[in-house]
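A.B. asks: What follows is a single structure, and I will ask about it in a moment.
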Amino acid sequence: MNQTIINAINNMEILSFTYKNNPRVVEPHAYGKGSDGNDLLRAYQVGGYSSSGRLPKWRLFEVSEIHNLSTTGEKFNGARPGYRRNDQIIDLIYAQL
């Protein structure tokens with residue numbers, strides 16, 4: 001488990017990281033283990049790279065592919081529209097809004 005992600009969810013702090021060699025800025029909403037055993041982060045991406053070019057957007061990130069993780073010092077106001085607690089993709093939830 002990654003305590004930085006858990007703290008960011010609990011404190012509603014924006015995260016910045018590199019994912020598959022591209023910068024991302026996200027509002028983390030849920031973090032846990034998927035059915036395949038990989039740790040997953042459900043987040044609302046508000047900045048950085050997007051292959052579709054459209055942001056903001058909901059994303060699911062494999063935590064093993066996240067590098068240079070840090071908080072930005074900025075906060076967000078709570079769950080974004082479309083967020084569902086107890087995400088069915090995540091079998092074991094470590095933290096969620």
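Letters A, B, ... go to the chains of the structure tokens in the order shown; residues in each chain start at 1; ligands are counted from 1 in the same order.
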Determine, using only C-alpha atoms, which residues of region 60-89 of chain A have any atom at most 12 Å from an atom of region 13-17 of chain A, and tabulate each with its shortest atom pair and distance in Å to one decimal place, rows ordered by chain and then rising number, as a tab-separated table.

C.D. replies:
```
residue	atom	partner	partner_atom	distance
A:Phe61	CA	A:Phe17	CA	10.9
A:Val63	CA	A:Phe17	CA	10.4
A:Ser64	CA	A:Phe17	CA	11.9
A:Glu65	CA	A:Phe17	CA	9.9
A:Ile66	CA	A:Phe17	CA	6.4
A:His67	CA	A:Phe17	CA	5.8
A:Asn68	CA	A:Phe17	CA	5.2
A:Leu69	CA	A:Phe17	CA	4.4
A:Ser70	CA	A:Ser16	CA	5.4
A:Thr71	CA	A:Leu15	CA	4.5
A:Thr72	CA	A:Ile14	CA	5.8
A:Gly73	CA	A:Glu13	CA	6.9
A:Glu74	CA	A:Ile14	CA	5.7
A:Lys75	CA	A:Glu13	CA	4.3
A:Phe76	CA	A:Glu13	CA	6.1
A:Asn77	CA	A:Glu13	CA	9.1
A:Gly78	CA	A:Glu13	CA	9.7
A:Ala79	CA	A:Glu13	CA	11.8
```

A.B. asks: Pick out the residues sitting within 10 Å of Tyr83 (chain A), and hand them over as a count of residues only; count only C-alpha atoms, and ignore anything fewer than 4 positions along from it in its own chain.

C.D. replies: 9

A.B. asks: Grab the CA of Ile90 (chain A) to CA of Ile5 (chain A) distance for me, in Å with one decimal place.

C.D. replies: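 So the two atoms, CA of Ile90 (chain A) and CA of Ile5 (chain A), lie 14.9 Å apart.
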
A.B. asks: Quick check, in Å to one decimal: how far apart do CA of Glu27 (chain A) and CA of Leu92 (chain A) lie?

C.D. replies: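 About the pair CA of Glu27 (chain A) and CA of Leu92 (chain A): they are 19.9 Å apart.
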
A.B. asks: Can you tell me, as a list in words, which residues in chain A count as helix (DSSP H, G or I) by DSSP?

C.D. replies: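 These are the residues in question: Gln3, Thr4, Ile5, Ile6, Asn7, Ala8, Ile9, Asn10, Asn11, Val63, Ser64 and Glu65 of chain A.
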
A.B. asks: I need the residues of chain A that end up classed as strand (DSSP E or B) by DSSP on the backbone, written out as an MDAnalysis selection string.

C.D. replies: chainID A and resid 13:19 22:34 39:48 57:62 66:75 90:96

A.B. asks: Residues within 7 Å of Leu40 (chain A), please, as a ChimeraX atom specification. Count only C-alpha atoms; anything in the same chain fewer than 6 positions from it doesn't count.

C.D. replies: /A:31-34,60-63

A.B. asks: Could you name the residues that touch region 51-54 of chain A at 12 Å or less, counting only C-alpha atoms, but leaving out those on the same chain fewer than 6 positions away, as a PDB file with C-alpha atoms, in the first residue's frame?

C.D. replies:
```
ATOM      1  CA  TYR A  19       2.425   7.439 -15.612  1.00  0.00           C
ATOM      2  CA  LYS A  20       3.846   5.513 -18.548  1.00  0.00           C
ATOM      3  CA  ASN A  22       3.768  11.076 -19.121  1.00  0.00           C
ATOM      4  CA  PRO A  23       2.915  13.669 -16.457  1.00  0.00           C
ATOM      5  CA  ARG A  24      -0.480  13.420 -14.747  1.00  0.00           C
ATOM      6  CA  GLN A  45      -7.484  13.558 -14.059  1.00  0.00           C
TER       7      GLN A  45
END
```

A.B. asks: Tell me which of A:Tyr94, A:Val25, A:Ser35, A:Asn86 sits closest to Lys57 (chain A), counting only C-alpha atoms.

C.D. replies: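 Ranking A:Tyr94, A:Val25, A:Ser35, A:Asn86 by distance to Lys57 (chain A), first place goes to A:Val25.
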